[in-house]
$ cat target_32.csv   # CSV, C-alpha atoms and all ligand atoms
chain,number,residue,atom,x,y,z
A,7,MET,CA,-46.0,-21.1,57.4
A,8,SER,CA,-48.7,-21.8,54.8
A,9,LEU,CA,-47.0,-23.5,51.9
A,10,LYS,CA,-49.6,-22.3,49.5
A,11,GLN,CA,-49.1,-18.7,50.5
A,12,PHE,CA,-45.3,-19.1,50.4
A,13,ARG,CA,-45.3,-20.5,46.9
A,14,LYS,CA,-47.7,-17.9,45.6
A,15,GLN,CA,-45.9,-14.9,47.1
A,16,LEU,CA,-42.6,-16.2,45.8
A,17,LEU,CA,-43.8,-16.7,42.3
A,18,VAL,CA,-45.5,-13.3,42.1
A,19,TRP,CA,-42.3,-11.6,43.3
A,20,TYR,CA,-40.3,-13.6,40.8
A,21,SER,CA,-42.6,-12.6,37.9
A,22,GLN,CA,-42.0,-9.0,38.8
A,23,HIS,CA,-38.4,-8.9,39.8
A,24,GLN,CA,-36.4,-11.6,37.9
A,25,ARG,CA,-33.3,-10.4,36.1
A,26,ASP,CA,-33.3,-10.7,32.3
A,27,LEU,CA,-30.7,-13.4,31.7
A,28,PRO,CA,-30.1,-15.2,28.4
A,29,TRP,CA,-30.8,-18.7,29.9
A,30,ARG,CA,-33.9,-17.7,31.8
A,31,ALA,CA,-36.6,-18.7,29.4
A,32,GLU,CA,-34.4,-21.3,27.8
A,33,LYS,CA,-35.7,-24.9,27.3
A,34,ASP,CA,-32.7,-26.3,25.4
A,35,PRO,CA,-31.1,-28.7,28.0
A,36,TYR,CA,-27.6,-28.1,26.4
A,37,LYS,CA,-27.8,-24.3,27.1
A,38,ILE,CA,-29.3,-24.8,30.6
A,39,TRP,CA,-26.5,-27.3,31.3
A,40,LEU,CA,-23.8,-24.9,30.1
A,41,SER,CA,-25.3,-22.0,32.2
A,42,GLU,CA,-25.5,-24.1,35.3
A,43,ILE,CA,-22.0,-25.4,35.0
A,44,ILE,CA,-20.6,-21.9,34.5
A,45,LEU,CA,-22.6,-20.5,37.4
A,46,GLN,CA,-21.3,-23.1,39.8
A,47,GLN,CA,-18.6,-21.2,41.8
A,48,THR,CA,-19.0,-18.1,39.5
A,49,ARG,CA,-21.0,-15.0,39.8
A,50,VAL,CA,-23.6,-14.1,37.1
A,51,ASN,CA,-21.7,-11.0,36.0
A,52,GLN,CA,-18.5,-12.9,35.6
A,53,GLY,CA,-20.1,-15.9,34.0
A,54,LEU,CA,-22.3,-14.1,31.5
A,55,PRO,CA,-19.5,-13.3,28.9
A,56,TYR,CA,-18.3,-16.9,29.1
A,57,TYR,CA,-21.8,-18.2,28.4
A,58,THR,CA,-22.1,-15.9,25.4
A,59,LYS,CA,-18.6,-16.9,24.1
A,60,PHE,CA,-19.4,-20.6,24.5
A,61,ILE,CA,-22.8,-20.3,22.7
A,62,GLU,CA,-21.1,-18.4,19.8
A,63,ASN,CA,-18.4,-21.0,19.4
A,64,TYR,CA,-20.5,-24.1,20.2
A,65,PRO,CA,-24.2,-23.3,19.5
A,66,THR,CA,-25.3,-26.9,19.9
A,67,LEU,CA,-24.3,-29.9,21.8
A,68,SER,CA,-22.9,-31.6,18.7
A,69,ASP,CA,-20.7,-28.5,18.0
A,70,LEU,CA,-19.2,-28.9,21.5
A,71,ALA,CA,-18.8,-32.7,21.1
A,72,LYS,CA,-16.5,-32.0,18.1
A,73,ALA,CA,-14.3,-29.6,20.0
A,74,ASP,CA,-10.8,-30.1,21.0
A,75,GLU,CA,-10.0,-30.0,24.8
A,76,THR,CA,-7.3,-27.3,24.5
A,77,GLU,CA,-9.7,-25.0,22.6
A,78,VAL,CA,-12.4,-25.5,25.3
A,79,LEU,CA,-9.9,-24.9,28.1
A,80,LYS,CA,-8.8,-21.7,26.4
A,81,LEU,CA,-12.4,-20.4,26.3
A,82,TRP,CA,-12.8,-21.4,29.9
A,83,GLN,CA,-9.6,-19.6,30.9
A,84,GLY,CA,-10.1,-17.3,33.9
A,85,LEU,CA,-13.2,-19.1,35.3
A,86,GLY,CA,-11.2,-21.6,37.4
A,87,TYR,CA,-12.3,-25.1,38.4
A,88,TYR,CA,-11.3,-26.4,35.0
A,89,SER,CA,-12.6,-29.9,35.6
A,90,ARG,CA,-16.0,-28.4,34.9
A,91,ALA,CA,-15.0,-27.7,31.3
A,92,ARG,CA,-13.2,-31.0,30.8
A,93,ASN,CA,-16.2,-32.9,32.2
A,94,MET,CA,-18.7,-31.0,30.0
A,95,LEU,CA,-16.6,-31.9,26.9
A,96,GLN,CA,-16.5,-35.6,27.8
A,97,SER,CA,-20.2,-35.7,28.5
A,98,ALA,CA,-21.0,-33.9,25.3
A,99,LYS,CA,-19.0,-36.5,23.4
A,100,LEU,CA,-20.8,-39.3,25.2
A,101,ILE,CA,-24.2,-37.9,24.5
A,102,GLN,CA,-23.3,-37.4,20.9
A,103,ASN,CA,-21.7,-40.8,20.4
A,104,ASN,CA,-23.8,-43.1,22.6
A,105,PHE,CA,-27.2,-41.4,22.7
A,106,GLN,CA,-27.4,-40.1,19.1
A,107,GLY,CA,-27.0,-36.5,20.4
A,108,VAL,CA,-30.3,-36.7,22.4
A,109,PHE,CA,-29.9,-35.1,25.8
A,110,PRO,CA,-31.0,-37.5,28.6
A,111,ILE,CA,-34.2,-36.4,30.3
A,112,THR,CA,-34.6,-38.1,33.7
A,113,HIS,CA,-32.7,-37.1,36.8
A,114,ASN,CA,-31.2,-40.6,37.0
A,115,GLU,CA,-29.9,-40.6,33.5
A,116,LEU,CA,-28.5,-37.1,33.9
A,117,LEU,CA,-26.7,-38.2,37.0
A,118,ARG,CA,-24.7,-40.7,35.0
A,119,LEU,CA,-23.0,-37.9,33.0
A,120,LYS,CA,-19.6,-36.8,34.2
A,121,GLY,CA,-19.7,-33.5,36.1
A,122,ILE,CA,-23.4,-33.7,36.7
A,123,GLY,CA,-24.4,-34.0,40.3
A,124,ASP,CA,-27.7,-33.8,42.0
A,125,TYR,CA,-27.8,-30.0,41.7
A,126,THR,CA,-27.2,-29.8,38.0
A,127,ALA,CA,-29.4,-32.8,37.2
A,128,SER,CA,-32.3,-31.2,39.1
A,129,ALA,CA,-31.8,-27.9,37.3
A,130,ILE,CA,-31.8,-29.5,33.9
A,131,ALA,CA,-34.7,-31.8,34.7
A,132,SER,CA,-36.8,-29.0,36.1
A,133,PHE,CA,-35.9,-26.1,33.8
A,134,ALA,CA,-35.9,-28.0,30.5
A,135,PHE,CA,-38.4,-30.7,31.1
A,136,ASP,CA,-40.5,-29.3,34.0
A,137,LEU,CA,-39.9,-32.4,36.2
A,138,PRO,CA,-40.5,-32.0,39.9
A,139,HIS,CA,-36.9,-31.9,41.3
A,140,ALA,CA,-35.9,-29.3,43.8
A,141,VAL,CA,-32.7,-27.4,43.0
A,142,VAL,CA,-30.4,-26.7,45.9
A,143,ASP,CA,-27.5,-24.4,45.1
A,144,GLY,CA,-25.6,-22.2,47.5
A,145,ASN,CA,-28.3,-19.5,47.3
A,146,VAL,CA,-31.2,-21.8,47.9
A,147,MET,CA,-29.3,-23.4,50.8
A,148,ARG,CA,-28.9,-20.1,52.5
A,149,VAL,CA,-32.6,-19.2,52.0
A,150,ILE,CA,-33.8,-22.5,53.4
A,151,THR,CA,-31.5,-22.5,56.4
A,152,ARG,CA,-32.9,-19.1,57.2
A,153,LEU,CA,-36.5,-19.9,56.6
A,154,PHE,CA,-36.3,-22.9,58.9
A,155,ALA,CA,-33.5,-21.6,61.2
A,156,ILE,CA,-31.5,-24.8,60.6
A,157,GLU,CA,-28.7,-25.1,63.1
A,158,ILE,CA,-27.0,-28.1,61.6
A,159,PRO,CA,-23.9,-27.0,59.7
A,160,ILE,CA,-24.6,-27.1,56.0
A,161,ASP,CA,-21.1,-28.5,55.2
A,162,THR,CA,-22.1,-31.8,56.8
A,163,ASN,CA,-24.1,-34.6,55.2
A,164,LEU,CA,-26.8,-34.2,57.8
A,165,GLY,CA,-27.1,-30.5,57.2
A,166,LYS,CA,-27.3,-31.1,53.4
A,167,LYS,CA,-29.9,-33.8,53.9
A,168,LYS,CA,-32.0,-31.5,56.1
A,169,VAL,CA,-31.9,-28.7,53.5
A,170,SER,CA,-32.8,-31.1,50.7
A,171,GLU,CA,-35.8,-32.4,52.7
A,172,LYS,CA,-37.1,-28.8,53.2
A,173,ALA,CA,-36.5,-27.9,49.5
A,174,ARG,CA,-38.6,-30.9,48.5
A,175,LEU,CA,-41.3,-29.8,50.9
A,176,LEU,CA,-41.4,-26.3,49.5
A,177,LEU,CA,-41.3,-27.2,45.8
A,178,GLU,CA,-44.3,-26.1,43.7
A,179,LYS,CA,-44.8,-29.2,41.6
A,180,LYS,CA,-47.0,-27.7,38.9
A,181,HIS,CA,-44.2,-25.2,37.9
A,182,PRO,CA,-41.0,-26.7,39.3
A,183,GLY,CA,-38.7,-25.0,36.8
A,184,MET,CA,-40.0,-21.5,37.6
A,185,PHE,CA,-40.3,-22.2,41.3
A,186,ASN,CA,-36.6,-23.4,41.4
A,187,GLN,CA,-35.5,-20.3,39.5
A,188,ALA,CA,-37.5,-18.1,41.9
A,189,MET,CA,-35.8,-19.6,44.9
A,190,MET,CA,-32.4,-19.1,43.4
A,191,GLU,CA,-33.2,-15.5,42.4
A,192,LEU,CA,-34.4,-14.8,45.9
A,193,GLY,CA,-31.1,-16.0,47.3
A,194,ALA,CA,-29.1,-14.0,44.8
A,195,MET,CA,-31.0,-10.8,45.0
A,196,VAL,CA,-32.7,-10.5,48.4
A,197,CYS,CA,-31.5,-13.2,50.8
A,198,THR,CA,-27.9,-12.3,50.3
A,199,PRO,CA,-25.1,-13.6,52.5
A,200,GLN,CA,-24.5,-10.1,54.1
A,201,ASN,CA,-27.3,-7.6,54.8
A,202,PRO,CA,-30.2,-9.6,53.4
A,203,SER,CA,-33.1,-7.3,52.4
A,204,CYS,CA,-35.6,-8.8,54.7
A,205,GLN,CA,-37.8,-5.7,54.6
A,206,LEU,CA,-38.3,-6.4,50.8
A,207,CYS,CA,-38.6,-10.1,51.1
A,208,PRO,CA,-41.8,-11.6,49.7
A,209,VAL,CA,-41.6,-14.6,52.1
A,210,SER,CA,-40.5,-12.9,55.3
A,211,PHE,CA,-43.8,-13.7,56.9
A,212,GLY,CA,-42.7,-17.4,57.0
A,213,CYS,CA,-39.1,-16.9,57.9
A,214,MET,CA,-37.9,-18.1,61.3
A,215,ALA,CA,-34.5,-16.5,61.2
A,216,TYR,CA,-36.1,-13.1,60.4
A,217,ALA,CA,-38.6,-13.6,63.3
A,218,MET,CA,-35.7,-14.3,65.6
A,219,LYS,CA,-33.7,-11.3,64.2
A,220,LYS,CA,-30.9,-13.7,63.3
A,221,SER,CA,-31.0,-13.7,59.5
A,222,GLU,CA,-27.2,-13.3,59.1
A,223,TYR,CA,-26.4,-16.0,61.7
A,224,PHE,CA,-27.5,-18.7,59.1
A,225,PRO,CA,-26.3,-20.8,57.4
A,226,VAL,CA,-24.2,-22.3,60.1
A,227,LYS,CA,-20.9,-23.8,58.9
A,228,GLN,CA,-18.2,-26.0,60.4
A,229,LYS,CA,-14.8,-24.4,60.9
A,230,LYS,CA,-12.9,-24.1,57.6
A,231,LYS,CA,-9.7,-26.1,57.2
A,232,ALA,CA,-6.7,-23.9,56.6
A,233,ALA,CA,-5.7,-23.9,52.9
A,234,LYS,CA,-2.7,-26.0,52.1
A,235,LYS,CA,0.4,-23.9,51.2
A,236,ARG,CA,2.4,-24.6,48.1
A,237,PHE,CA,5.5,-22.8,46.7
A,238,PHE,CA,5.7,-22.6,42.9
A,239,HIS,CA,8.7,-21.3,40.9
A,240,TYR,CA,8.1,-20.8,37.2
A,241,ALA,CA,10.9,-20.3,34.7
A,242,PHE,CA,10.0,-18.1,31.8
A,243,LEU,CA,12.9,-19.5,29.7
A,244,THR,CA,13.3,-17.7,26.4
A,245,ASP,CA,15.7,-17.2,23.6
A,246,GLY,CA,14.0,-13.9,22.7
A,247,HIS,CA,11.6,-15.5,20.2
A,248,SER,CA,10.1,-18.5,21.9
A,249,VAL,CA,9.4,-19.8,25.3
A,250,MET,CA,9.1,-23.3,26.9
A,251,LEU,CA,5.7,-24.6,28.0
A,252,GLN,CA,4.4,-27.8,29.5
A,253,GLN,CA,1.0,-29.2,30.0
A,254,ARG,CA,-0.2,-30.0,33.5
A,255,GLY,CA,-1.1,-33.6,34.1
A,256,LYS,CA,-3.8,-35.4,36.0
A,257,GLY,CA,-4.4,-35.5,39.7
A,258,ASP,CA,-3.6,-31.9,40.6
A,259,VAL,CA,-4.9,-28.4,40.0
A,260,TRP,CA,-5.2,-26.9,36.5
A,261,GLN,CA,-5.2,-30.3,34.7
A,262,GLY,CA,-4.8,-29.8,31.0
A,263,LEU,CA,-3.6,-26.2,31.2
A,264,PHE,CA,-0.2,-25.0,30.1
A,265,GLU,CA,2.5,-23.5,32.2
A,266,PHE,CA,6.2,-22.6,32.2
A,267,PRO,CA,8.7,-25.2,33.5
A,268,LEU,CA,7.9,-25.5,37.2
A,269,LEU,CA,9.8,-26.3,40.4
A,270,GLU,CA,7.5,-26.8,43.4
A,271,SER,CA,9.8,-26.3,46.4
A,272,THR,CA,10.7,-24.3,49.4
A,273,LYS,CA,14.3,-23.9,48.1
A,274,ASP,CA,15.8,-20.4,48.0
A,275,GLU,CA,16.3,-18.4,44.8
A,276,ASN,CA,19.9,-19.6,44.0
A,277,GLU,CA,18.9,-23.2,44.4
A,278,VAL,CA,15.9,-22.7,42.2
A,279,ILE,CA,18.0,-21.1,39.5
A,280,GLY,CA,20.5,-24.0,39.8
A,281,TYR,CA,17.6,-26.4,39.3
A,282,PHE,CA,16.5,-24.8,36.0
A,283,GLN,CA,20.2,-24.6,34.9
A,284,GLY,CA,20.4,-28.3,35.4
A,285,LEU,CA,17.1,-28.9,33.6
A,286,ILE,CA,18.2,-27.3,30.3
A,287,LYS,CA,21.9,-28.0,30.7
A,288,LYS,CA,22.8,-24.6,29.3
A,289,LYS,CA,24.1,-21.3,30.5
A,290,ILE,CA,21.1,-19.1,31.5
A,291,VAL,CA,21.0,-15.4,32.3
A,292,VAL,CA,18.5,-14.4,35.0
A,293,LYS,CA,16.9,-11.1,33.9
A,294,LYS,CA,14.3,-10.7,36.5
A,295,VAL,CA,12.7,-12.5,39.5
A,296,SER,CA,9.2,-11.5,40.4
A,297,ASN,CA,8.0,-10.8,44.0
A,298,THR,CA,6.2,-13.6,45.6
A,299,ILE,CA,2.6,-13.6,44.3
A,300,LYS,CA,-0.1,-15.1,46.5
A,301,HIS,CA,-2.8,-17.0,44.6
A,302,LEU,CA,-5.7,-18.5,46.5
A,303,LEU,CA,-7.6,-21.6,45.2
A,304,SER,CA,-10.4,-23.3,47.0
A,305,HIS,CA,-8.2,-25.4,49.3
A,306,GLN,CA,-4.8,-24.2,48.4
A,307,LEU,CA,-2.7,-21.1,48.8
A,308,ILE,CA,-0.1,-20.9,46.2
A,309,TYR,CA,3.0,-18.7,46.6
A,310,ALA,CA,4.4,-18.2,43.2
A,311,ARG,CA,7.6,-16.6,41.7
A,312,PHE,CA,8.3,-16.1,38.1
A,313,TYR,CA,11.9,-16.1,36.9
A,314,ILE,CA,12.6,-14.5,33.5
A,315,MET,CA,15.7,-16.2,32.1
A,316,THR,CA,17.4,-16.1,28.7
A,317,VAL,CA,19.3,-18.7,26.9
A,318,SER,CA,21.1,-18.7,23.5
A,319,THR,CA,18.8,-21.3,22.0
A,320,LEU,CA,15.9,-23.5,23.2
A,321,ASP,CA,16.1,-27.2,22.6
A,322,VAL,CA,13.1,-29.5,22.7
A,323,LEU,CA,13.0,-31.5,25.9
A,324,ASP,CA,10.8,-34.3,27.0
A,325,SER,CA,7.3,-33.1,27.9
A,326,PHE,CA,7.9,-29.5,26.9
A,327,VAL,CA,6.9,-27.6,23.9
A,328,ILE,CA,8.6,-24.6,22.4
A,329,VAL,CA,6.1,-21.8,21.6
A,330,PRO,CA,6.7,-18.5,19.8
A,331,LEU,CA,6.1,-15.6,22.2
A,332,GLU,CA,3.2,-14.2,20.1
A,333,LYS,CA,1.5,-17.6,20.3
A,334,ILE,CA,1.3,-17.9,24.1
A,335,LYS,CA,-2.1,-16.3,24.0
A,336,ASP,CA,-3.5,-19.3,22.1
A,337,TYR,CA,-2.6,-21.7,25.0
A,338,PRO,CA,-5.0,-22.1,28.0
A,339,VAL,CA,-3.1,-21.0,31.2
A,340,SER,CA,-4.1,-20.5,34.8
A,341,ARG,CA,-5.4,-17.2,36.0
A,342,LEU,CA,-2.1,-16.8,38.0
A,343,THR,CA,0.0,-17.2,34.9
A,344,GLU,CA,-2.3,-15.0,32.8
A,345,LYS,CA,-2.1,-12.2,35.3
A,346,TRP,CA,1.7,-12.3,35.4
A,347,LEU,CA,1.9,-12.4,31.6
A,348,GLN,CA,-0.4,-9.4,31.4
A,349,GLU,CA,1.7,-7.5,34.0
A,350,GLU,CA,4.9,-8.2,32.1
A,351,GLY,CA,3.2,-7.0,28.9
A,352,VAL,CA,3.6,-10.4,27.2
A,353,LEU,CA,-0.2,-10.7,26.6
A,401,LIG,FE1,-33.9,-14.3,53.8
A,401,LIG,FE2,-34.7,-12.2,55.3
A,401,LIG,FE3,-36.3,-13.3,53.4
A,401,LIG,FE4,-35.7,-14.7,55.6
A,401,LIG,S1,-36.8,-12.7,55.5
A,401,LIG,S2,-35.8,-15.5,53.6
A,401,LIG,S3,-33.6,-14.0,55.9
A,401,LIG,S4,-34.4,-12.2,53.1

$ encode --input "target_32.csv" --output "structure tokens"
Amino acid sequence: MSLKQFRKQLLVWYSQHQRDLPWRAEKDPYKIWLSEIILQQTRVNQGLPYYTKFIENYPTLSDLAKADETEVLKLWQGLGYYSRARNMLQSAKLIQNNFQGVFPITHNELLRLKGIGDYTASAIASFAFDLPHAVVDGNVMRVITRLFAIEIPIDTNLGKKKVSEKARLLLEKKHPGMFNQAMMELGAMVCTPQNPSCQLCPVSFGCMAYAMKKSEYFPVKQKKKAAKKRFFHYAFLTDGHSVMLQQRGKGDVWQGLFEFPLLESTKDENEVIGYFQGLIKKKIVVKKVSNTIKHLLSHQLIYARFYIMTVSTLDVLDSFVIVPLEKIKDYPVSRLTEKWLQEEGVL
């Protein structure tokens, strides 16, 4: 494949077919950073309203640096992978306090920030500062494994290394920002996981997978590990006006989000109710128990049940807060809890 022709064809195609997205012509590293963090693990259509909301609430890095973590998590609610939001906030504070609010420029400096790995550092360095770093996201990875028919599984270090090598080889160094965006756009719009539009692809002339009629065979992946099963029982304990909430701690999913008193256990319904009875040391009346709700996270499958229980009065207990029912919406909660609250008509 002629590299010159490859780059030219790709850039011409990009100039004619790129989607109009708010961060496309952006040179502000803060906005590029935000868009890239949101778009990790999230589709453009889902991420777009979050990007707009964030920019409205925190138009600059210094605005984000002043924000409160609960507020930021609330804005992030529904996007999942909440460590992304917490890391952004910590890094914004660090840039504001230690670097006088000036965004680091080089790839190495960017890598020192929490939540910024090679991918995001390359995206910021190339989009904002036109530095020659190849961006390899999931879309680019797929394009490259197909172009070069790479058989090494991409979820291994060796596979990742191979793809990065090829990405560096392809990179157009005069316009690295535009070239990277073109590769990403090609993966998102043409070289899709299923049914790639090879007939419309501007670089099909150089694609080995296409020549072998095996486009969809790539990328090769190792066998996925089965998701770990967990059993959550949530007590919606209310006196009719308020409800008990607690904030999730470190080292587990949904860090910093709020939830109802939780028992994680394979115990049966009566034992679970007995546990909550013991927790608040009061007579409780069970009004309703939900069906088991399956909620899939990246490596965990959560089976959740929600127990609506009433008590005469709610007392403040260690690590719990008592929140008026109409204020629940102000607290960041997991998508699982949000969906249940919506179904029950609480939100
Ligand atoms: Fe992807 Fe098909 Fe283009 Fe190859 S020819 S890069 S498989 S869309």

$ closest_atom_pairs --input "target_32.csv" --of "chain A" --to "ligand LIG 401 (chain A)" --cutoff "6 Å" --atoms "all atoms listed in the file" --output "tab-separated table"
residue	atom	partner	partner_atom	distance
A:Val149	CA	A:LIG401	S2	5.1
A:Arg152	CA	A:LIG401	S3	5.3
A:Leu153	CA	A:LIG401	FE4	5.4
A:Val196	CA	A:LIG401	S4	5.3
A:Cys197	CA	A:LIG401	S4	3.8
A:Pro202	CA	A:LIG401	S4	4.9
A:Ser203	CA	A:LIG401	S4	5.1
A:Cys204	CA	A:LIG401	FE2	3.6
A:Cys207	CA	A:LIG401	FE3	4.6
A:Val209	CA	A:LIG401	FE3	5.6
A:Ser210	CA	A:LIG401	S1	3.7
A:Cys213	CA	A:LIG401	FE4	4.7
A:Ala215	CA	A:LIG401	S3	5.9
A:Tyr216	CA	A:LIG401	S1	5.0
A:Ser221	CA	A:LIG401	S3	4.5

$ closest_residue --input "target_32.csv" --among "A:Leu67, A:Leu323, A:Ala129, A:Ala155" --to "Phe109 (chain A)" --atoms "all atoms listed in the file"
A:Leu67

$ closest_residue --input "target_32.csv" --among "A:Ala131, A:Met190, A:Leu54, A:Met184" --to "Asp143 (chain A)" --atoms "only C-alpha atoms"
A:Met190

$ residues_around --input "target_32.csv" --residues "Ile101 (chain A)" --least-positions-apart "2" --cutoff "12 Å" --atoms "all atoms listed in the file" --output "VMD selection string"
chain A and resid 36 66 to 72 94 to 99 103 to 111 115 to 116 118 to 120

$ write_last_selection --input "target_32.csv" --atoms "C-alpha atoms" --output "JSON list (two decimals), in the coordinates of the input"
[["chain", "number", "residue", "atom", "x", "y", "z"],
["A", 36, "TYR", "CA", -27.60, -28.10, 26.40],
["A", 66, "THR", "CA", -25.30, -26.90, 19.90],
["A", 67, "LEU", "CA", -24.30, -29.90, 21.80],
["A", 68, "SER", "CA", -22.90, -31.60, 18.70],
["A", 69, "ASP", "CA", -20.70, -28.50, 18.00],
["A", 70, "LEU", "CA", -19.20, -28.90, 21.50],
["A", 71, "ALA", "CA", -18.80, -32.70, 21.10],
["A", 72, "LYS", "CA", -16.50, -32.00, 18.10],
["A", 94, "MET", "CA", -18.70, -31.00, 30.00],
["A", 95, "LEU", "CA", -16.60, -31.90, 26.90],
["A", 96, "GLN", "CA", -16.50, -35.60, 27.80],
["A", 97, "SER", "CA", -20.20, -35.70, 28.50],
["A", 98, "ALA", "CA", -21.00, -33.90, 25.30],
["A", 99, "LYS", "CA", -19.00, -36.50, 23.40],
["A", 103, "ASN", "CA", -21.70, -40.80, 20.40],
["A", 104, "ASN", "CA", -23.80, -43.10, 22.60],
["A", 105, "PHE", "CA", -27.20, -41.40, 22.70],
["A", 106, "GLN", "CA", -27.40, -40.10, 19.10],
["A", 107, "GLY", "CA", -27.00, -36.50, 20.40],
["A", 108, "VAL", "CA", -30.30, -36.70, 22.40],
["A", 109, "PHE", "CA", -29.90, -35.10, 25.80],
["A", 110, "PRO", "CA", -31.00, -37.50, 28.60],
["A", 111, "ILE", "CA", -34.20, -36.40, 30.30],
["A", 115, "GLU", "CA", -29.90, -40.60, 33.50],
["A", 116, "LEU", "CA", -28.50, -37.10, 33.90],
["A", 118, "ARG", "CA", -24.70, -40.70, 35.00],
["A", 119, "LEU", "CA", -23.00, -37.90, 33.00],
["A", 120, "LYS", "CA", -19.60, -36.80, 34.20]]

$ closest_residue --input "target_32.csv" --among "A:Leu285, A:Met7, A:Leu192, A:Ile44" --to "Ser21 (chain A)" --atoms "only C-alpha atoms"
A:Leu192

$ closest_residue --input "target_32.csv" --among "A:Thr343, A:Ile158, A:Asn163, A:Ala188" --to "Val146 (chain A)" --atoms "only C-alpha atoms"
A:Ala188

$ closest_residue --input "target_32.csv" --among "A:Tyr125, A:Lys345, A:Ile130, A:Met250" --to "Lys37 (chain A)" --atoms "only C-alpha atoms"
A:Ile130

$ atom_distance --input "target_32.csv" --atom1 "CA of Leu40 (chain A)" --atom2 "CA of Leu81 (chain A)"
12.8 Å

$ build_atoms --input "target_32.csv" --residues "region 166-183 of chain A" --atoms "N, CA and C atoms" --output "short mmCIF file (atom, residue, chain, number, x, y, z; two decimals), keeping the file's coordinate frame"
data_model
loop_
_atom_site.label_atom_id
_atom_site.label_comp_id
_atom_site.auth_asym_id
_atom_site.auth_seq_id
_atom_site.Cartn_x
_atom_site.Cartn_y
_atom_site.Cartn_z
N LYS A 166 -26.88 -31.07 54.82
CA LYS A 166 -27.30 -31.10 53.40
C LYS A 166 -28.63 -31.83 53.26
N LYS A 167 -28.70 -32.96 53.99
CA LYS A 167 -29.90 -33.80 53.90
C LYS A 167 -31.13 -32.99 54.41
N LYS A 168 -30.93 -32.29 55.50
CA LYS A 168 -32.00 -31.50 56.10
C LYS A 168 -32.50 -30.44 55.10
N VAL A 169 -31.55 -29.74 54.49
CA VAL A 169 -31.90 -28.70 53.50
C VAL A 169 -32.66 -29.28 52.35
N SER A 170 -32.18 -30.42 51.84
CA SER A 170 -32.80 -31.10 50.70
C SER A 170 -34.28 -31.46 51.04
N GLU A 171 -34.46 -31.99 52.24
CA GLU A 171 -35.80 -32.40 52.70
C GLU A 171 -36.75 -31.16 52.63
N LYS A 172 -36.27 -30.04 53.16
CA LYS A 172 -37.10 -28.80 53.20
C LYS A 172 -37.32 -28.30 51.78
N ALA A 173 -36.32 -28.42 50.92
CA ALA A 173 -36.50 -27.90 49.50
C ALA A 173 -37.57 -28.74 48.83
N ARG A 174 -37.58 -30.05 49.08
CA ARG A 174 -38.60 -30.90 48.50
C ARG A 174 -40.00 -30.53 49.01
N LEU A 175 -40.05 -30.20 50.28
CA LEU A 175 -41.30 -29.80 50.90
C LEU A 175 -41.87 -28.53 50.27
N LEU A 176 -40.98 -27.57 50.03
CA LEU A 176 -41.40 -26.30 49.50
C LEU A 176 -41.81 -26.31 48.04
N LEU A 177 -41.18 -27.22 47.28
CA LEU A 177 -41.30 -27.20 45.80
C LEU A 177 -42.74 -27.14 45.32
N GLU A 178 -42.98 -26.21 44.41
CA GLU A 178 -44.30 -26.10 43.70
C GLU A 178 -44.24 -27.05 42.55
N LYS A 179 -45.00 -28.14 42.62
CA LYS A 179 -44.80 -29.20 41.60
C LYS A 179 -45.48 -28.97 40.30
N LYS A 180 -46.33 -27.95 40.23
CA LYS A 180 -47.00 -27.70 38.90
C LYS A 180 -45.99 -26.87 38.03
N HIS A 181 -45.16 -26.05 38.67
CA HIS A 181 -44.20 -25.20 37.90
C HIS A 181 -42.82 -25.36 38.54
N PRO A 182 -42.27 -26.57 38.55
CA PRO A 182 -41.00 -26.70 39.30
C PRO A 182 -39.86 -25.91 38.75
N GLY A 183 -39.81 -25.76 37.42
CA GLY A 183 -38.70 -25.00 36.80
C GLY A 183 -38.75 -23.56 37.29
#
